[in-house]
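One structure is given here, and the rest of the page talks about it.
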Amino acid sequence: MVQNNGDAPRSAARPLSLETLAVSAGYEPSEHGGAAKPPIYMTSTFVYESAAQARAVHQAFFDGDVPERSGKNGYIYARLDHPNLVMAQTRIAALDRAEDSALFASGMAAVSTVAMSLLRPGDSMMHSRSIYGGTDMLLHTHMTEMGVTPFGFTDGVDEANMAAVADAAMAKGPLTLIMVESPANPTCAIADIAMISRLADRVALAQGRRPIITVDNTFLGPFLQSPLEHGADLCITSLTKYAGGHSDFMAGSVSGSAALVGRLKKLRTLLGCHSDPHSCWMLLRSVETMKLRTDRAVANAQTIASYLRDHRKVTRITYLAFLAEGSAERAVYDRQCAGPGSTFSFDVEGGEAGAFRFLDRLRLLRFAVSLGGTETLICHPATTTHYAVPEATRAEVHIGPATMRVSVGIENSDDLIADLAQALEAV
Ligand SMILES: Cc1ncc(COP(=O)(O)O)c(C=O)c1O
């Protein structure tokens, strides 16, 4: 039976929509005893049918640059591949409109595997600034110690600025990778993926090799942004956030061409950072409601952001729908994104003391890192998620002592506003 991965719908003549793929892609009941929902294959190893089949399945996995899709030939060992991993990867690939996807134990496992697979000593690379604190730390500690030189760019919309950073990077070593995070954590800074793709073409002419472009799509997810359709080579997502959606497990994904994703799967086998059967099963269940949760959270965020923007004690807000009409960022946002998402940051009066008084007064909003859950989460990036980012870098991208990041959930928005209102009184 052909797997329903979006390219080969069983009965429909037209391609299935993302909402439908979120419920159906990657799982075919007739292949699993008719079970309407995916069983969990809680096993670390798989019994070979014969010595010849054992050799064939190893050949298929290890010969060549890209491991052949397991399942077709049987499985070997869960660190290499397992049935729930194949189901979840097929579903995420369909949502990301990609040829293939690799799932990892966390978003950082995905980011680290990309960096370690694609970068070599002597290479240079470019990355968004601001970027998630863990990614920043990986690039500026471990990858730097491995002989890679990272170049941050703060304005991913300005072509001349990006070209200047690319020239500086190429002067240091081959520019191999451009890691974009758009919208960026926590500032919501937007980068123009199509423009960066054109820049990569020019870099290819200059140095004889095209840098690979990755876009971290964690803040918006597949229903609000499809980076591959705008020219990215790989789409990275922390599935821990909106895809998981309930703050109760961790996973990450990288989607793109079968050739590139295959390289990552080979390294994943060696690092052992695959997503386990239970997490894959949780993910399959969670993404079924992702569109509903996304719509509700986006509507709530619009209400909360409008309330905060109009509050006299709020001095700054980075909600994407408030980008100024006529600005370069607005033009990129309108072209690239289908909505503003539900995570943004804002500043209050009174510096760190004001922010701390506000946070300590909240009752309903949960003061915790992470985002994308059904519950509204709020944190103070300078002292939590971006603690390890140097203060000067934080200041450059406006992550200040009074900046808070909020991920709006699916609760009743009046309840959320009542809590914000009483906490703002403490500022
Ligand atoms: C934009 C972004 N990318 C990657 C990560 C890392 O994901 P994980 O926490 O699943 O390792 C995060 C985590 O907050 C994130 O916000």
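We label chains A, B, ... in the order they appear in the structure tokens, count residues from 1 in each chain, and number ligands from 1 in the order shown.
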TODO: Give as a list of chain:residue names the residues surrounding ligand 1 up to a distance of 6 Å, considering only C-alpha atoms and all ligand atoms.
DONE: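 Residues lying within 6 Å of ligand 1: A:Ser106, A:Gly107, A:Met108, A:Tyr132, A:Asn185, A:Thr218, A:Ser238, A:Thr240, A:Met250, A:Ala251, A:Gly252, A:Ser370.
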Can you check which parts of stretch 52-147 of chain A lie within 10 Å of stretch 209-213 of chain A? Per residue, the shortest pair of atoms and distance in Å to one decimal, counting only C-alpha atoms, sorted by chain and number, as JSON lines.
```
{"residue": "A:Leu118", "atom": "CA", "partner": "A:Ile212", "partner_atom": "CA", "distance": 8.3}
{"residue": "A:Ser124", "atom": "CA", "partner": "A:Pro211", "partner_atom": "CA", "distance": 9.9}
{"residue": "A:Met125", "atom": "CA", "partner": "A:Pro211", "partner_atom": "CA", "distance": 8.4}
{"residue": "A:Met126", "atom": "CA", "partner": "A:Ile213", "partner_atom": "CA", "distance": 9.5}
{"residue": "A:His127", "atom": "CA", "partner": "A:Ile213", "partner_atom": "CA", "distance": 9.8}
```
Open item on the list: With DSSP run on the backbone, what are the helix (DSSP H, G or I) residues within stretch 38-168 of chain A? I'd like them as a ChimeraX atom specification.
Closed with: /A:51-62,83-95,107-118,133-145,159-168
Would you put the residues from that selection into a file with C-alpha atoms, as a CSV table (one decimal), in the first residue's frame?
```csv
chain,number,residue,atom,x,y,z
A,51,ALA,CA,20.7,-14.1,6.8
A,52,ALA,CA,20.2,-12.9,3.2
A,53,GLN,CA,17.6,-10.4,4.4
A,54,ALA,CA,19.9,-9.2,7.1
A,55,ARG,CA,22.6,-8.5,4.6
A,56,ALA,CA,20.2,-6.8,2.2
A,57,VAL,CA,18.8,-4.4,4.9
A,58,HIS,CA,22.3,-3.4,6.0
A,59,GLN,CA,23.3,-2.8,2.3
A,60,ALA,CA,20.2,-0.6,1.8
A,61,PHE,CA,20.9,1.4,4.9
A,62,PHE,CA,24.7,1.8,4.8
A,83,PRO,CA,8.4,2.3,12.5
A,84,ASN,CA,7.2,5.3,14.6
A,85,LEU,CA,10.1,7.4,13.3
A,86,VAL,CA,9.3,6.6,9.7
A,87,MET,CA,5.6,7.5,10.3
A,88,ALA,CA,6.4,10.8,12.1
A,89,GLN,CA,9.1,11.8,9.5
A,90,THR,CA,6.7,11.2,6.6
A,91,ARG,CA,4.1,13.4,8.3
A,92,ILE,CA,6.5,16.2,9.1
A,93,ALA,CA,8.0,16.1,5.6
A,94,ALA,CA,4.4,16.4,4.2
A,95,LEU,CA,3.7,19.4,6.4
A,107,GLY,CA,15.4,20.9,18.5
A,108,MET,CA,19.0,21.3,19.6
A,109,ALA,CA,19.8,17.8,18.5
A,110,ALA,CA,18.6,18.8,15.1
A,111,VAL,CA,20.5,22.1,15.1
A,112,SER,CA,23.7,20.4,16.4
A,113,THR,CA,23.5,17.6,13.8
A,114,VAL,CA,23.1,20.1,11.0
A,115,ALA,CA,26.2,22.1,12.2
A,116,MET,CA,28.3,19.0,12.7
A,117,SER,CA,27.3,17.4,9.5
A,118,LEU,CA,27.7,20.4,7.2
A,133,GLY,CA,20.5,31.0,22.9
A,134,GLY,CA,21.4,27.3,22.6
A,135,THR,CA,22.2,27.7,18.9
A,136,ASP,CA,24.2,30.9,19.6
A,137,MET,CA,26.2,29.0,22.3
A,138,LEU,CA,26.8,26.0,20.0
A,139,LEU,CA,28.2,28.2,17.2
A,140,HIS,CA,30.3,30.5,19.5
A,141,THR,CA,31.7,27.8,21.7
A,142,HIS,CA,31.8,24.2,20.4
A,143,MET,CA,31.8,25.0,16.6
A,144,THR,CA,34.3,27.9,17.1
A,145,GLU,CA,36.6,25.5,19.0
A,159,GLU,CA,20.6,42.9,0.9
A,160,ALA,CA,23.7,45.2,1.0
A,161,ASN,CA,24.3,44.4,4.7
A,162,MET,CA,24.0,40.7,4.0
A,163,ALA,CA,26.4,40.8,1.1
A,164,ALA,CA,28.9,42.7,3.3
A,165,VAL,CA,28.7,40.0,6.0
A,166,ALA,CA,29.1,37.3,3.3
A,167,ASP,CA,32.2,39.0,1.9
A,168,ALA,CA,33.7,39.1,5.4
```
Open item on the list: Could you go through stretch 214-276 of chain A and tell me which residues DSSP, when run on the backbone, assigns to strand (DSSP E), listing them as a list in words?
Closed with: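 Residues of stretch 214-276 of chain A classed as strand (DSSP E): Thr214, Val215, Asp216, Leu234, Cys235, Ile236, Thr237, Ser238, Gly252, Ser253, Val254, Ser255 and Gly256 of chain A.
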Task: Separation of atom CA of A:Gly173 from atom CA of A:Lys266, in Å and rounded to one decimal - done: 25.8 Å
Task: Shell of 9 Å around A:Leu260, only C-alpha atoms, local chain residues under 6 positions omitted, as a list in words - done: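 The neighbour list is Val66, Asp100, Asp233 and Leu234 of chain A.
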Requested write-out: N, CA and C atoms of the selected residues, as a tab-separated table (two decimals), in the first residue's frame:
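Result saved to selection05.tsv:
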```
chain	number	residue	atom	x	y	z
A	66	VAL	N	22.99	8.03	0.99
A	66	VAL	CA	21.72	8.24	1.67
A	66	VAL	C	21.14	6.90	2.10
A	100	ASP	N	11.89	14.83	2.23
A	100	ASP	CA	12.12	13.95	3.37
A	100	ASP	C	12.35	14.79	4.63
A	233	ASP	N	17.19	25.55	1.90
A	233	ASP	CA	17.52	24.16	1.57
A	233	ASP	C	17.00	23.22	2.66
A	234	LEU	N	17.04	23.69	3.90
A	234	LEU	CA	16.60	22.85	5.02
A	234	LEU	C	15.72	23.67	5.95
```
TODO: For each of A:Thr374, A:Val332, A:Met290, A:Leu283, take the minimum atom-to-atom distance to A:Ile196, counting only C-alpha atoms, then give the residue where this is smallest.
DONE: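 Closest to A:Ile196, using only C-alpha atoms: A:Val332.
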- [ ] Would you please work out which residue, of A:Leu284, A:Leu323, A:Leu264, A:Cys188, is nearest to A:Gly341 when using only C-alpha atoms?
- [x]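 The shortest atom-to-atom distance to A:Gly341 comes from A:Cys188.
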Task: atom CA of A:Ile304 to atom CA of A:Asp96, distance in Å rounded to a single decimal - done: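 These two atoms are separated by 28.5 Å.
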Open item on the list: With only C-alpha atoms as the counted atoms, please give the residues lying no more than 10 Å from A:Ile410, apart from itself and same-chain residues fewer than 5 positions off, as a PyMOL selection string.
Closed with: chain A and resi 292-301+342+372-376+416
Task: Atomic separation - atom CA of A:Leu103 relative to atom CA of A:Asp65, Å - done: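 Pair atom CA of A:Asp65 / atom CA of A:Leu103 returns 18.2 Å.
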Open item on the list: Just checking: using only C-alpha atoms, which residue out of A:Pro186, A:Pro390, A:Gly74, A:Pro401 ends up closest to A:Ser345?
Closed with: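 Closest to A:Ser345, using only C-alpha atoms: A:Pro186.
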TODO: Mind checking which residues fall within 7 Å of A:Thr187, counting only C-alpha atoms, ignoring those fewer than 6 positions away in the same chain, and posting them as a PyMOL selection string?
DONE: chain A and resi 130+318+344-345
Open item on the list: From the options A:Ala102, A:Ala353, A:Leu220, A:Val148, which residue's atoms come nearest to A:Val254, counting only C-alpha atoms?
Closed with: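 Under the stated criterion, the closest residue is A:Ala102.
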- [ ] May I ask which of the residues A:Gln336, A:Thr289, A:Thr383, A:Asn412 is the closest one to A:Leu365, counting only C-alpha atoms?
- [x]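 Closest candidate: A:Asn412.
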Task: Polymer residues at most 8 Å from stretch 27-43 of chain A, only C-alpha atoms, same-chain spacing of 2 or more positions, as a list in words - done: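 In the requested form, the answer reads Met1, Gln3, Asn4, Ser24, Ala25, Thr45, Phe46, Ala78, His82, Pro83, Asn84, Met87, Pro277, His278 and Trp281 of chain A.
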